[in-house]
Amino acid sequence: MKFKVLTLFPEMIMDGLKTSITGRALENNLIELEAVNIREYSLDKHGKVDDYTYGGGAGMLMQAQPVYDAWQAQVSGRKTRTIYVTPQGRLFSQAYAAELAQEEELIFLCGHYEGIDQRVLDEVVTDYVSIGDYVLTGGELPAMVMIDAISRLIPGVLHNEESAETESFHRNLLEYPQYSRPEVWHGQKVPDVLLSGDHRKIAAWRMEQSEKLTRERRPDLYAKYERQEAVIQVLLGEKRLHIHMIENLRRGRGEVICWKDRAVCVYDPDCRLGMFTVASGRDAASQLIEAIPQNILDDMRFAVTTDIAINRELADRLSGDTIRITSEGRMACYTQRTFLPVKYKDIRLLQEADQEYPASHWEWQDADQPAERIRAKAFYGAYAEDRLIGFCGWLSDGRIGYLYVEEEYRRQGIGTSLEAFCINRQLEMGFVPYGFIPKENEVALKMQINMGLYLSEGCIWWLERS
Ligand code: ADE
């Protein structure tokens, strides 16, 4: 990701982001940052960039010319997403950060004084964004806040132990309180349960604390949380069939878009994936698809459904676009908490240098997907005498899959070991591991049952829009 910041105070941007985690990401070339001094583009011999406002009013306004020329020098032909940070913008959020993290390049425009001449904003800005309902003295701090929040979502920027895939804001709950040594400080003792060593009790206590804090401090978030939990209860009625929806919500990825009785739509904006289910019948499917807001439909690229009626309704509502069924099959989920045995020993995290191997041994949806998955530390390789002979991992939507083992190494349990290895990693992250198996792949279906996974009785369809 390349960030370019147009500002009158470039050193403020560079100084603010060159330390800590963003500093490390810059050093490792996971992000690039350039602060462009707007003043250098002024045509005025004294470098003036501001003037009085027409119609009167206190303060000075940044003029159109230097801002436009500074912007023009950064864009390469096509219109790069350009964010003007302003209290009059759309409110920044975790979901917005995730959306922006998908871009290859972002330009931030920082205003000062009373703002910037509207005519240049009309020409260059794609997003007006505010970081909160208060007014700061300039746009540099908001731009830095956004760059920080976006950077930590870029695969590889956080290390495993700081992982953004299992984080707070997760499930619309605030994080529970935490304690470190000493055990007693200012007469206050660390809660007994945290010293008990009983992980179940600790998890239950943390959950209780998260709920209590959220209820007290963020009743708006708590209401969302309660609705989501109610939807999860409905989905649990057919857990195997809905495991992808349940896990997507539990892992804090998607959001419930519509819900009526047993008809649910969850949308994951990162993967541009809509997930749909209904109890039965064309009426329920039609009502569900009708209720989806247009902006979600416009954004959606993939869909997973549990009923043919939904497929038909989706195709109707998206008339004009081609909706193609790419696969039909079953969900497989591993509902136990115990680790699976991994008999094949030489399994290791794939490295960026290995990306050609998975890229050439599977058909991926996007060309940069193997590299992105490797950076996310989500793909593992099996090695024989130091040579890569197979791999398996999980996609950004969370399902385990893309298992491959070279022909001459098959029927030796290496595929099972690779999948078991991924299942165990996901168990460590507190997930319920699952995957999707196309109905014609009988070997894979059998393998799931042998490994102790449960298959959904009902069918699942994957759709792609073009
Ligand atoms: N510039 C000044 N205040 C701001 C805010 N709250 N958000 C974004 N940009 C700003």
# chains A, B, ... in the order shown; residues from 1 in each chain; ligands from 1

call {"tool": "residues_near_ligand", "arguments": {"ligand": "ligand 1", "cutoff": "9 Å", "atoms": "only C-alpha atoms and all ligand atoms", "output": "PyMOL selection string"}}
result
chain A and resi 84-89+91-92+110-112+115+128-143

call {"tool": "select_by_dssp", "arguments": {"residues": "segment 7-143 of chain A", "states": "strand (DSSP E)", "output": "PyMOL selection string"}}
result
chain A and resi 7+32-37+50-52+60-62+82-91+105-110+127-130

call {"tool": "closest_residue", "arguments": {"among": "A:Pro177, A:Gly281, A:Pro438, A:Pro155", "to": "Ser327 of chain A", "atoms": "only C-alpha atoms"}}
result
A:Pro438

call {"tool": "closest_atom_pairs", "arguments": {"of": "segment 302-412 of chain A", "to": "segment 426-429 of chain A", "cutoff": "10 Å", "atoms": "only C-alpha atoms", "output": "Markdown table"}}
result
| residue | atom | partner | partner_atom | distance |
| --- | --- | --- | --- | --- |
| A:Tyr334 | CA | A:Leu427 | CA | 9.4 |
| A:Thr335 | CA | A:Leu427 | CA | 9.8 |
| A:Gln336 | CA | A:Leu427 | CA | 9.1 |
| A:Arg337 | CA | A:Leu427 | CA | 6.9 |
| A:Thr338 | CA | A:Leu427 | CA | 8.1 |
| A:Phe339 | CA | A:Leu427 | CA | 7.4 |
| A:Leu340 | CA | A:Leu427 | CA | 9.8 |
| A:Ala378 | CA | A:Gln426 | CA | 9.6 |
| A:Trp394 | CA | A:Gln426 | CA | 9.1 |
| A:Gly398 | CA | A:Gln426 | CA | 9.4 |
| A:Ile400 | CA | A:Gln426 | CA | 9.2 |

call {"tool": "closest_residue", "arguments": {"among": "A:Ile296, A:Ala25, A:Ile414, A:Ile289", "to": "Asp346 of chain A", "atoms": "only C-alpha atoms"}}
result
A:Ile414

call {"tool": "closest_residue", "arguments": {"among": "A:Ile347, A:Arg200, A:Trp205, A:Ile292", "to": "Glu385 of chain A", "atoms": "only C-alpha atoms"}}
result
A:Ile347

call {"tool": "closest_atom_pairs", "arguments": {"of": "segment 333-393 of chain A", "to": "segment 254-275 of chain A", "cutoff": "12 Å", "atoms": "only C-alpha atoms", "output": "JSON lines"}}
result
{"residue": "A:Gln365", "atom": "CA", "partner": "A:Cys271", "partner_atom": "CA", "distance": 11.3}
{"residue": "A:Asp366", "atom": "CA", "partner": "A:Cys271", "partner_atom": "CA", "distance": 11.6}
{"residue": "A:Gln369", "atom": "CA", "partner": "A:Cys271", "partner_atom": "CA", "distance": 11.5}

call {"tool": "residues_around", "arguments": {"residues": "Tyr383 of chain A", "least_positions_apart": "4", "cutoff": "10 Å", "atoms": "only C-alpha atoms", "output": "list in words"}}
result
Tyr344, Lys345, Asp346, Ile347, Arg348, Arg387, Leu388, Ile389, Gly390, Phe391 and Ile414 of chain A

call {"tool": "residues_around", "arguments": {"residues": "segment 8-12 of chain A", "least_positions_apart": "6", "cutoff": "12 Å", "atoms": "only C-alpha atoms", "output": "VMD selection string"}}
result
chain A and resid 18 33 to 42 47 to 50 62 66 to 67 70 108 to 113 138 to 144

call {"tool": "residues_around", "arguments": {"residues": "Arg152 of chain A", "least_positions_apart": "4", "cutoff": "10 Å", "atoms": "only C-alpha atoms", "output": "ChimeraX atom specification"}}
result
/A:21-22,25,97-98,101,147-148,156-159,162-164

call {"tool": "write_last_selection", "arguments": {"atoms": "C-alpha atoms", "output": "PDB file, in the first residue's frame"}}
result
ATOM      1  CA  ILE A  21       4.508  -0.678  14.154  1.00  0.00           C
ATOM      2  CA  THR A  22       3.984   1.688  11.204  1.00  0.00           C
ATOM      3  CA  ALA A  25       6.069  -1.681   8.255  1.00  0.00           C
ATOM      4  CA  ALA A  97     -10.523   1.140   7.349  1.00  0.00           C
ATOM      5  CA  ALA A  98     -10.954  -2.414   6.036  1.00  0.00           C
ATOM      6  CA  ALA A 101      -7.011  -1.320   3.037  1.00  0.00           C
ATOM      7  CA  ILE A 147      -3.054   5.560   7.980  1.00  0.00           C
ATOM      8  CA  ASP A 148      -2.343   3.767  11.256  1.00  0.00           C
ATOM      9  CA  GLY A 156       2.224  -8.886   7.381  1.00  0.00           C
ATOM     10  CA  VAL A 157       2.140  -5.531   9.187  1.00  0.00           C
ATOM     11  CA  LEU A 158       1.066  -7.122  12.454  1.00  0.00           C
ATOM     12  CA  HIS A 159       2.903 -10.171  13.669  1.00  0.00           C
ATOM     13  CA  GLU A 162      -0.811  -9.044  17.303  1.00  0.00           C
ATOM     14  CA  SER A 163      -3.125 -10.520  14.677  1.00  0.00           C
ATOM     15  CA  ALA A 164      -5.859  -8.322  13.287  1.00  0.00           C
TER      16      ALA A 164
END
